[in-house]
Structure formats: C-alpha cells, structure tokens
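Input: a single structure, listed below in structure tokens.
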Amino acid sequence: MAHATTDQAPLGVWPGTAYPLGATYDGAGTNFSVFSAVARRVELCLLDERDRETRITLDEVDGYVWHAYLPGIGPGQRYGFRVHGPYDPALGQRCDPTKLLLDPYGKAFTGDFGADAAPYNHGQNTLGHTMTGVVISPFFDWANDRPPQRPYHETVIYEAHVKGMTHTHPEIPPELRGTFAGMAHPAIIGHLRSLGVTAVELMPVHQFLHDRILLDRGLRNYWGYNSFGYFAPHAEYAASPVPGAAVTEFKAMVRAFHAAGIEVILDVVYNHTAEGNEFGPTICFRGIDNAAYYRLVDDDPQHYMDYTGTGNSLNVRHPHTLQLIMDSLRYWVLEMHVDGFRFDLAATLARELHDVDRLSTFFDLVHQDPVVSQVKLIAEPWDVGEGGYQVGNFPVAWTEWNGKYRDTVRDYWRGQPATLGEFASRLTGSSDLYEATGRRPSASINFVTAHDGFTLADLVSYNEKHNEANGEGNLDGEPYNRSWNCGVEGPTDDPAILALRARQQRNLLATLLLSQGTPMLVHGDEFGRTQMGNNNAYCQDNAVSWMDWSLMHTNADLLEFTRRAVALRTAHPVFRRRRFFDGRPAPTHDHPDDIAWFTPDGAAMTDPDWDNGFGRSLTVFLNGDGIREPGPRGERITDASFLLCFNAHDAALEFTLPAPEHGDNWEVALDCSAPTGLPDAPRTHPAASSVQVPARCLLVLRRTA
C-alpha cells in the first residue's frame with residue numbers, strides 16, 4: 001500500500017487503476033495516475049489551503065504508470081507530483097524531486113508561476129512557486145447541447161482571442177471581461193451572428209505559461225502559444241476565482257455558442273511545451289520523463305531538437321506522448337464538446353525521424369480514431385525545420401491554412417507582378433494543391449490575415465513592421481509582409497490615401513469571402529482593428545491587441561460591407577461549391593461552362609493572357625446552373641450566375657460584359673468602390689455592354705435575366 005510521508009495521519013489509499021491517467025473524480029473519491037518510465041519513486045502531493053503538503057508514495061505501477069485511488073478526495077483538492085529518478089542532463093535525464101510537478105493530464109490548474117527562479121534551478125523546491133493541479137467534477141448539465149456539425153463548404157471561420165474579444169466591450173459586465181463567460185455574453189454572440197460567422201476559432205485556451213523573459217520586460221505571453229496543460233482550460237480566463245472554475249465556464253461558453261449555431265474550434269499547440277530548452281523551467285514533463293516527452297538531439301541528449309523556434313519539440317515518436325495527444329483531443333471533443341482543432345505548426349507532429357512524413361503514426365492515429373477523425377481538423381502546414389513548408393501535402397480528412405492563398409491575394413491587390421493563373425487557382429479553391437489527394441475546395445482554409453502578422457487595416461497602412469514595443473529591437477516578426485501602405489507609412493489625414501486604404505480592405509475581404517474554399521476572418525478586421533504596425537503582438541496584453549469596439553461606429557461602413565459580403569456568400573452556393581470546377585457545360589447542355597474567364601475587353605482568356613506577369617485585370621463568370629454536386633437530399637442545386645470583374649490597376653478600366661449566352665442583364669451585387677458595398681443607386685447593365693470598374697476595385701454583378 002502507499003503511505004503518507006508527513007506528520008499527518010495516513011490517508012486511506014487504495015490501489016486504484018492505471019487508466020484513465022490524471023486525476024479522475026467518480027463521485028466518491030479520486031483516482032490519480034501518472035506515467036514515468038524512468039522514475040524510481042513517485043509521490044502524490046496533496047496541498048491544503050496553507051500549502052502544507054501530504055505526500056503519498058504511489059506503490060502501484062503498471063506499464064510505467066504509477067497510480068492510487070483516494071476515497072473522499074474530491075473537487076477542489078490541489079495536488080502535484082514529485083518524481084524521484086536519475087538526474088544526468090548529459091544523458092537526457094532530468095528528474096528532480098525538489099520540483100512539485102504538474103500533472104500532464106491535469107484538468108485544471110490554479111496559482112501562478114510569477115517570475116520566480118525556483119523552477120529554473122535544479123535542487124530548489126518549487127512549492128509555492130508554481131501552479132498546482134486541481135481535482136474537478138466531471139459533471140455538467142449540457143441540457144440539449146448538440147454540435148452544429150456545419151459542413152465545411154458552409155463554414156465561415158472567425159479567429160478570436162478570448163481576452164482580446166471581451167476585455168473592452170462596453171456591454172459586457174466588467175467582472176466577465178477577458179473570460180470564457182465574457183465570450184458567451186450575448187453581445188459577443190450577437191456580433192458574430194450578425195456577421196454570419198459559423199465557427200469561432202479560439203487562439204490557445206489550453207493552460208499556458210507566461211515566459212519569465214517577458215515578465216522581466218513587463219510583458220506577458222498574450223497569445224498563449226506556450227501550453228503545458230493539454231486538458232485544462234486556461235485559468236486566467238475564468239471569471240470566478242474558485243479553483244477549477246474555468247472548466248465549468250468553458251463548457252457553458254460552448255453550450256451558448258452551440259445554441260446560437262456556432263461551432264467552437266480550438267487552436268492547439270502540441271508541437272512544443274512551455275518548458276523551453278535546457279535553460280527553461282521544470283514544471284511538468286521535463287521532471288517526469290524528459291526523454292519520453294521531448295525530442296532530444298540524438299548524439300547530444302542534453303539539448304533539445306527545436307523544429308518550432310521555441311526551444312523544444314514534443315516527441316511524437318514515443319507511444320505515450322502520442323497517447324497524451326490523442327487522449328487530449330478526445331477529451332476536448334467528448335467532455336468539452338468542441339467541434340474541431342487548428343494544429344499550430346502541424347508539420348512538427350509529422351516528424352518521426354527528421355523529415356515531415358504524411359504517413360506518420362500521428363496521422364494514422366487521427367484517421368483511425370472514431371472520435372477525433374469526425375471533427376474539423378485544420379493544419380498550420382509548416383514549422384521552422386528543414387522541409388517544414390508543407391502546404392498541400394497533408395492527408396485526406398485534413399484542411400490547411402493555405403499560405404499560398406494569402407500570399408497570392410496580397411500580391412495581386414498590392415500590384416506585384418504575378419501570373420493571373422496563380423490568382424485564378426487560389427480563387428477557385430487551389431485544385432493544384434488539393435484535388436490530386438482526393439480533397440475538395442474546402443480543404444483550403446483561405447485567409448488574408450491571421451493573428452500572426454498585420455491586421456487587415458495595418459496590411460494596407462504599413463510597408464514595414466513596427467514591433468519596438470516588444471522589446472526585441474524590432475528584430476522579431478516576419479520582415480516580408482507583402483503589404484502596401486498606399487503611399488504613407490502609418491497614420492495619415494490624407495483623404496485620398498484613407499479612401500484607397502478603405503477600398504483595399506474591401507477588395508481583400510470580398511476576394512476572401514467569394515473565393516472557393518473555407519474563409520477565415522480575423523477578429524476586428526471587420527471594422528478596421530489596428531496594432532499600429534506591430535506584426536508580432538504575441539506579448540502585447542494591452543490596447544495594442546485588444547479589440548477597440550468603438551471602431552464599430554467609427555468604421556461602420558466597413559462592418560456593413562463585411563456583413564454584406566458574408567451574406568452574399570451564404571446566400572449563393574455558387575461561391576461555396578463542394579467540388580472543384582471542371583470547365584464543362586452545365587448539366588442542361590444549353591448553358592455555358594460552369595466557369596469562364598475573360599479579359600476586360602470581353603474576349604476569352606488565352607495562354608499568353610494567363611502568363612502575363614503584369615496582367616492585373618480579368619472577369620470571372622460563375623454559372624449558377626453549372627453546379628454538379630447535389631444537395632444534402634440529392635436535389636439539384638441551381639443558383640444565380642455572377643460576374644466578378646477584378647481590376648488591380650491604378651486606373652479605371654472599361655470592362656466589356658460577355659455575350660448574351662452568359663446572361664442578358666446584370667445588376668451590381670457588390671461594389672468595392674462603395675463604402676458599404678452597394679452603389680448609391682441600383683445599376684443594371686445589358687450583355688456585351690461596357691462597364692467602368694474603378695481603379696483597384698472588385699465589382700460583382702448578378703445575372704437578372
């Protein structure tokens with residue numbers, strides 16, 4: 001039997017079970033279980049309200065899993081582990097029983113790390129200088145919660161930060177700002193619904209650590225890409241101070257989103273942990289079983305392989321680490337009811353040896369899992385290691401952040417020489433990247449901006465990054481942004497430049513929302529949020545990163561434009577086809593092809609036109625009668641037909657509309673030269689007539705007859 005190692009009376013301790021790992025409350029007591037293949041002894045440490053420790057040696061070991069069951073121990077109990085084992089960094093062994101270690105399977109954490117040095121120093125006790133695990137109750141009233149199960153082709157993703165979205169919203173009570181409860185507030189959900197958003201992609205909500213180096217500079221790890229608690233919602237995002245409250249509040253948030261028909265996707269960081277390299281803190285994995293959890297340099301195991309630029313990489317070659325990731329994913333689906341995941345630096349998870357391998361064990365496990373394989377799986381298909389850029393190379397069932405879409409669309413609208421063929425491919429779902437692997441247009445997660453980089457307003461206002469506030473001499477962040485300041489760097493009062501910047505934002509938004517594939521908006525872009533040129537605001541937990549909700553009124557026209565563009569996409573399946581265009585005539589055989597391309601003078605595009613690196617204009621015909629894929633009940637889908645007239649030149653151009661076989665009359669459906677997307681008066685144009693498209697403008701026409 002296990003035994004207590006303090007002067008308190010021994011607790012009743014039962015053998016318990018090796019699985020499930022972590023702390024599992026069953027209504028009568030709690031089973032504790034932790035894996036370590038290198039430990040010689042493991043102690044479970046129970047903490048009271050004064051941080052006094054009761055240590056219980058775990059004598060039961062099955063398959064390197066140390067476990068015990070404690071009757072009477074329930075929700076709210078704080079705990080950690082001390083692992084006795086080898087400490088020999090040169091051999092990759094870093095056990096240190098002076099460290100109170102966090103549970104890799106902990107469902108909740110409480111406390112703080114601060115900037116204390118104890119976690120960084122071998123042999124120094126971290127009790128009182130680290131967070132602790134909290135036993136939680138798994139019971140929650142989900143009521144009639146049902147996952148929306150929105151098909152990809154009907155999905156509009158909105159990337160958001162829990163604190164950034166809610167911290168300054170005037171309608172959210174102050175005590176709920178910056179929390180999961182704040183995200184669930186009707187003001188936030190109402191805003192998302194008014195936009196037409198169908199899924200919110202939350203930046204990391206797994207428990208993360210604020211780096212000591214940032215705290216020393218008066219900054220914080222605002223973005224949260226520094227996880228260590230893969231089962232625990234971040235404690236700072238709880239409105240209640242009660243330990244473990246974040247779990248209940250997160251579930252309530254998901255329930256509220258589902259009731260509004262909005263899915264919840266989590267941005268997850270399984271590629272590395274908050275412990276960093278050999279100079280980082282020992283808070284969890286490093287002190288439990290360093291070589292099992294981390295990729296070590298083969299011939300120098302005191303150092304860590306770093307494919308992420310953050311100091312370490314999780315060891316996806318080890319079966320227990322793979323189990324940890326899969327158990328975490330299933331937990332968030334089954335217990336927390338989330339609808340999908342976006343995998344940060346996902347290429348790292350596919351490195352079994354050194355190269356990225358699309359046949360890796362991680363992908364096999366995901367595809368075979370009856371739970372995880374059925375939710376939305378989105379890859380950030382790159383890392384910083386050699387050969388890490390893998391856009392288009394992920395397996396079937398995965399979608400990808402399409403970095404080539406971002407780059408091509410940015411280059412097109414800022415006037416850089418590029419082939420129109422590349423632009424056309426991105427506009428139509430990137431079949432060159434996804435069709436050969438059996439995927440559909442929705443595999444392309446289209447985006448122009450993301451948390452990493454300029455906001456949309458900054459993309460058209462800055463040529464250079466301005467990250468001085470990060471304290472790194474403006475050396476951090478991507479130096480090549482494919483941005484254009486429209487003539488002046490940063491803020492200006494010049495009305496012509498402000499008008500051009502506003503039009504460029506509308507061009508980029510309209511292109512994004514009317515492209516085939518799955519669009520992703522970034523929080524605040526709908527009304528011109530700015531970070532004042534900071535393209536790497538990961539450490540700016542302040543007004544630089546928070547939403548300025550007053551912009552809803554200042555930039556009301558842009559907000560209305562965004563709503564109108566999303567609504568146009570939602571209303572018309574021709575913009576969100578399930579399958580790629582094939583260039584064949586419509587099923588009735590008396591209509592033109594499902595898609596056609598024209599020069600501004602109305603002639604069909606030729607090979608020289610496509611290869612013209614300086615070509616900046618074209619017309620795209622989308623045939624609403626040419627949709628071949630059936631609806632969900634097998635019905636034929638028909639839609640209105642559209643002309644998209646793209647003019648990225650710096651002067652207005654006359655566009656000749658196609659011949660009557662494509663449509664007799666056309667009306668303006670969206671005009672990017674108009675502040676809200678609609679002209680002052682309705683405009684209708686007959687076939688083969690001439691239409692002037694202003695400089696740097698996208699004009700969308702809908703067939704009326």
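Going by the structure tokens order, chains are called A, B, ..., each with residues numbered from 1, while ligands are numbered from 1 in the order shown.
With only C-alpha atoms taken into account, the protein and nucleic acid residues at most 7 Å from range 486-503 of chain A (excluding it and anything under 6 positions from it in its own chain) are A:Val460, A:Ser461, A:Tyr462, A:Asn463, A:Cys672, A:Ser673.
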Using only C-alpha atoms, the residue out of A:Val268, A:Leu322, A:Ala450, A:Ala687 with shortest distance to Tyr294 in chain A is A:Leu322
### Task
Write out as an MDAnalysis selection string each polymer residue whose atoms come within 12 Å of Tyr480 in chain A, counting only C-alpha atoms; drop sequence neighbours fewer than 2 positions from it.
chainID A and resid 407 410:411 453:454 459 462:465 476:478 482:484 535
Original post:
Pick the closest to Ala596 in chain A from A:Ala424, A:Gly387, A:Pro632, A:Arg577: which is it, counting only C-alpha atoms?
Top reply: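 Of the candidates, the smallest distance to Ala596 in chain A is held by A:Ala424.
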Practice item. Per DSSP on the backbone, filter range 562-661 of chain A down to the residues in strand (DSSP E) and report them as an MDAnalysis selection string. Key: chainID A and resid 595:598 617:622 642:647 653:656
